[in-house]
Amino acid sequence: MKIRSDYVTNSSSVSYIVTLNLAMAEFARKKNGNYCDRVKQGRIFDLLVDDLKQNGQKIELNGADLVVGKYDFEKKTDCRYDSECEKEVDFATLTDTEVWSYVYGEYFVKAKLASELKGFGAVQVPRDKVKFAAKAAALDTCSACGQCEKGMG
């Protein structure tokens with residue numbers, strides 16, 4: 001399968017917090033035959049686990065040991081999606097950069113991470129808290145008069 005690399009439009013920056021419970025993830029991997037017959041999941045699993053182990057922060061939350069990492073990327077330029085592919089992708093032949101693009105698009109943005117790889121989770125967070133607060137506040141103001149709150153006027 002061919003992954004488009006020439007797709008460029010106005011970018012939108014996004015950030016995701018990704019969590020890993022290594023014990024649960026390893027259990028699910030073993031339960032699934034170490035992903036031997038599922039190359040895509042195996043590549044994605046290895047890439048995420050390796051990156052989180054190297055760059056993530058270990059925390060304990062309510063008795064659960066987690067590794068947490070933050071991922072920042074441009075949604076429209078750094079992501080690749082199944083819908084862009086002309087045929088089945090051979091994940092064994094993709095570079096790590098190409099796999100990351102797929103992870104960003106399909107597993108983070110389209111929220112497939114937790115459903116396809118047990119032991120992982122992801123949530124989108126504001127990349128720039130100040131800009132996000134301004135955008136959120138703008139949604140609360142009526143565009144007709146600029147004074148009343150939406151739904152209140």
# chains A, B, ... in the order shown; residues from 1 in each chain; ligands from 1
call {"tool": "residues_around", "arguments": {"residues": "stretch 29-34 of chain A", "least_positions_apart": "3", "cutoff": "9 Å", "atoms": "only C-alpha atoms", "output": "compact mmCIF listing (two decimals) with C-alpha atoms, in the first residue's frame"}}
result
# COMPACT_ATOMS: atom_id res chain seq x y z
CA MET A 24 -1.90 -5.00 30.89
CA ALA A 25 -0.37 -4.28 27.49
CA GLU A 26 2.07 -7.21 27.76
CA ASP A 37 0.04 -12.70 12.61
CA ARG A 38 -0.83 -8.98 13.06
CA GLY A 42 3.03 -5.46 16.55
CA PHE A 45 2.88 -1.72 19.99
CA LEU A 117 -4.22 -2.19 21.85
CA LYS A 118 -5.30 -3.01 25.39
call {"tool": "closest_residue", "arguments": {"among": "A:Val18, A:Ala28, A:Val99, A:Cys85", "to": "A:Gly69", "atoms": "only C-alpha atoms"}}
result
A:Val18
call {"tool": "select_by_dssp", "arguments": {"residues": "stretch 40-78 of chain A", "states": "strand (DSSP E or B)", "output": "PyMOL selection string"}}
result
chain A and resi 57-61+64-74
call {"tool": "select_by_dssp", "arguments": {"residues": "stretch 61-94 of chain A", "states": "alpha helix (DSSP H)", "output": "PyMOL selection string"}}
result
chain A and resi 75-78
call {"tool": "closest_atom_pairs", "arguments": {"of": "stretch 16-92 of chain A", "to": "stretch 105-108 of chain A", "cutoff": "7 Å", "atoms": "only C-alpha atoms", "output": "CSV"}}
result
residue,atom,partner,partner_atom,distance
A:Cys79,CA,A:Gly105,CA,4.4
A:Arg80,CA,A:Gly105,CA,5.1
A:Tyr81,CA,A:Gly105,CA,5.5
call {"tool": "atom_distance", "arguments": {"atom1": "atom CA of A:Glu60", "atom2": "atom CA of A:Leu113"}}
result
21.0 Å
call {"tool": "closest_residue", "arguments": {"among": "A:Ala134, A:Thr19, A:Glu98, A:Phe73", "to": "A:Ile59", "atoms": "only C-alpha atoms"}}
result
A:Thr19
call {"tool": "closest_residue", "arguments": {"among": "A:Glu88, A:Gln41, A:Ile17, A:Tyr35", "to": "A:Gly56", "atoms": "only C-alpha atoms"}}
result
A:Ile17
call {"tool": "closest_residue", "arguments": {"among": "A:Ser13, A:Asp90, A:Asp65, A:Asp46", "to": "A:Lys131", "atoms": "only C-alpha atoms"}}
result
A:Ser13
call {"tool": "closest_residue", "arguments": {"among": "A:Thr97, A:Gly119, A:Asn62, A:Pro126", "to": "A:Val49", "atoms": "only C-alpha atoms"}}
result
A:Gly119
call {"tool": "closest_residue", "arguments": {"among": "A:Cys36, A:Leu48, A:Ala138, A:Val123", "to": "A:Ala111", "atoms": "only C-alpha atoms"}}
result
A:Val123
call {"tool": "decode", "arguments": {"residues": "stretch 15-133 of chain A", "atoms": "C-alpha atoms", "output": "mmCIF file, in the first residue's frame"}}
result
data_model
loop_
_atom_site.group_PDB
_atom_site.id
_atom_site.type_symbol
_atom_site.label_atom_id
_atom_site.label_comp_id
_atom_site.auth_asym_id
_atom_site.auth_seq_id
_atom_site.Cartn_x
_atom_site.Cartn_y
_atom_site.Cartn_z
ATOM 1 C CA SER A 15 -1.528 17.312 21.617
ATOM 2 C CA TYR A 16 -2.370 13.962 23.133
ATOM 3 C CA ILE A 17 -1.533 12.470 26.481
ATOM 4 C CA VAL A 18 -0.920 8.734 26.027
ATOM 5 C CA THR A 19 -0.925 6.297 28.934
ATOM 6 C CA LEU A 20 0.500 2.802 29.109
ATOM 7 C CA ASN A 21 -0.077 0.135 31.731
ATOM 8 C CA LEU A 22 2.780 -2.125 30.698
ATOM 9 C CA ALA A 23 1.514 -5.179 32.608
ATOM 10 C CA MET A 24 -1.896 -4.997 30.888
ATOM 11 C CA ALA A 25 -0.366 -4.278 27.486
ATOM 12 C CA GLU A 26 2.071 -7.207 27.758
ATOM 13 C CA PHE A 27 -0.756 -9.488 28.904
ATOM 14 C CA ALA A 28 -2.871 -8.495 25.884
ATOM 15 C CA ARG A 29 0.102 -8.953 23.557
ATOM 16 C CA LYS A 30 0.748 -12.495 24.853
ATOM 17 C CA LYS A 31 -2.964 -13.297 24.696
ATOM 18 C CA ASN A 32 -2.860 -12.252 21.020
ATOM 19 C CA GLY A 33 0.101 -14.493 20.141
ATOM 20 C CA ASN A 34 2.601 -11.620 20.430
ATOM 21 C CA TYR A 35 0.911 -10.118 17.349
ATOM 22 C CA CYS A 36 2.831 -12.617 15.184
ATOM 23 C CA ASP A 37 0.036 -12.695 12.608
ATOM 24 C CA ARG A 38 -0.825 -8.980 13.057
ATOM 25 C CA VAL A 39 2.221 -7.043 11.869
ATOM 26 C CA LYS A 40 0.490 -3.652 12.085
ATOM 27 C CA GLN A 41 -0.414 -4.035 15.762
ATOM 28 C CA GLY A 42 3.025 -5.458 16.549
ATOM 29 C CA ARG A 43 4.845 -2.512 14.940
ATOM 30 C CA ILE A 44 2.600 0.040 16.624
ATOM 31 C CA PHE A 45 2.884 -1.718 19.995
ATOM 32 C CA ASP A 46 6.691 -1.823 19.820
ATOM 33 C CA LEU A 47 6.983 1.796 18.643
ATOM 34 C CA LEU A 48 4.731 3.141 21.405
ATOM 35 C CA VAL A 49 6.178 0.998 24.210
ATOM 36 C CA ASP A 50 9.759 1.850 23.249
ATOM 37 C CA ASP A 51 9.018 5.567 23.000
ATOM 38 C CA LEU A 52 7.046 5.712 26.252
ATOM 39 C CA LYS A 53 9.740 3.759 28.109
ATOM 40 C CA GLN A 54 12.437 6.136 26.833
ATOM 41 C CA ASN A 55 10.591 9.446 27.012
ATOM 42 C CA GLY A 56 7.566 8.953 29.229
ATOM 43 C CA GLN A 57 7.052 9.630 32.897
ATOM 44 C CA LYS A 58 6.360 6.768 35.300
ATOM 45 C CA ILE A 59 3.502 7.423 37.698
ATOM 46 C CA GLU A 60 1.357 5.450 40.098
ATOM 47 C CA LEU A 61 -2.362 6.265 40.070
ATOM 48 C CA ASN A 62 -4.755 4.514 42.451
ATOM 49 C CA GLY A 63 -2.506 1.478 42.609
ATOM 50 C CA ALA A 64 -1.912 1.267 38.843
ATOM 51 C CA ASP A 65 1.608 1.697 37.474
ATOM 52 C CA LEU A 66 1.489 3.829 34.341
ATOM 53 C CA VAL A 67 3.868 5.412 31.882
ATOM 54 C CA VAL A 68 2.584 8.707 30.495
ATOM 55 C CA GLY A 69 3.805 10.685 27.498
ATOM 56 C CA LYS A 70 2.726 13.767 25.583
ATOM 57 C CA TYR A 71 2.683 13.829 21.796
ATOM 58 C CA ASP A 72 2.476 17.089 19.834
ATOM 59 C CA PHE A 73 1.934 17.116 16.082
ATOM 60 C CA GLU A 74 0.254 18.877 13.185
ATOM 61 C CA LYS A 75 -3.015 17.129 12.457
ATOM 62 C CA LYS A 76 -3.198 17.895 8.744
ATOM 63 C CA THR A 77 0.451 17.349 7.831
ATOM 64 C CA ASP A 78 1.750 14.708 10.248
ATOM 65 C CA CYS A 79 -1.186 12.277 10.172
ATOM 66 C CA ARG A 80 -1.965 9.452 7.775
ATOM 67 C CA TYR A 81 -5.307 7.687 7.564
ATOM 68 C CA ASP A 82 -6.658 4.434 6.149
ATOM 69 C CA SER A 83 -8.868 6.471 3.806
ATOM 70 C CA GLU A 84 -5.747 7.868 2.088
ATOM 71 C CA CYS A 85 -4.411 4.422 1.251
ATOM 72 C CA GLU A 86 -5.046 2.901 -2.129
ATOM 73 C CA LYS A 87 -4.574 -0.701 -0.984
ATOM 74 C CA GLU A 88 -3.567 -2.763 2.052
ATOM 75 C CA VAL A 89 -0.424 -1.425 3.735
ATOM 76 C CA ASP A 90 2.481 -3.746 4.476
ATOM 77 C CA PHE A 91 3.561 -2.431 7.872
ATOM 78 C CA ALA A 92 6.698 -4.559 7.764
ATOM 79 C CA THR A 93 8.054 -2.281 5.022
ATOM 80 C CA LEU A 94 7.183 1.098 6.560
ATOM 81 C CA THR A 95 9.757 3.316 8.234
ATOM 82 C CA ASP A 96 9.215 4.305 11.866
ATOM 83 C CA THR A 97 8.309 7.827 10.661
ATOM 84 C CA GLU A 98 5.582 6.408 8.412
ATOM 85 C CA VAL A 99 4.243 4.264 11.247
ATOM 86 C CA TRP A 100 4.190 7.307 13.561
ATOM 87 C CA SER A 101 2.143 9.221 10.973
ATOM 88 C CA TYR A 102 -0.342 6.367 10.927
ATOM 89 C CA VAL A 103 -0.422 6.194 14.745
ATOM 90 C CA TYR A 104 -1.080 9.931 14.954
ATOM 91 C CA GLY A 105 -3.966 9.746 12.484
ATOM 92 C CA GLU A 106 -5.697 6.436 13.096
ATOM 93 C CA TYR A 107 -4.795 5.689 16.701
ATOM 94 C CA PHE A 108 -4.731 9.157 18.308
ATOM 95 C CA VAL A 109 -6.992 11.408 16.208
ATOM 96 C CA LYS A 110 -9.482 8.668 15.280
ATOM 97 C CA ALA A 111 -9.230 7.216 18.804
ATOM 98 C CA LYS A 112 -8.438 3.592 17.915
ATOM 99 C CA LEU A 113 -5.602 3.187 20.425
ATOM 100 C CA ALA A 114 -7.462 1.777 23.438
ATOM 101 C CA SER A 115 -9.801 -0.394 21.377
ATOM 102 C CA GLU A 116 -7.065 -2.060 19.322
ATOM 103 C CA LEU A 117 -4.217 -2.186 21.852
ATOM 104 C CA LYS A 118 -5.298 -3.006 25.395
ATOM 105 C CA GLY A 119 -3.263 -1.363 28.126
ATOM 106 C CA PHE A 120 -3.023 1.966 26.252
ATOM 107 C CA GLY A 121 -5.135 5.105 26.420
ATOM 108 C CA ALA A 122 -5.105 8.540 24.799
ATOM 109 C CA VAL A 123 -6.832 11.840 25.431
ATOM 110 C CA GLN A 124 -6.551 15.079 23.490
ATOM 111 C CA VAL A 125 -5.386 18.070 25.519
ATOM 112 C CA PRO A 126 -4.925 21.755 24.616
ATOM 113 C CA ARG A 127 -1.516 22.371 23.090
ATOM 114 C CA ASP A 128 -1.573 26.053 24.022
ATOM 115 C CA LYS A 129 -3.637 26.686 27.161
ATOM 116 C CA VAL A 130 -3.898 30.445 26.596
ATOM 117 C CA LYS A 131 -5.174 30.141 23.012
ATOM 118 C CA PHE A 132 -7.522 27.352 24.051
ATOM 119 C CA ALA A 133 -8.977 29.448 26.882
#
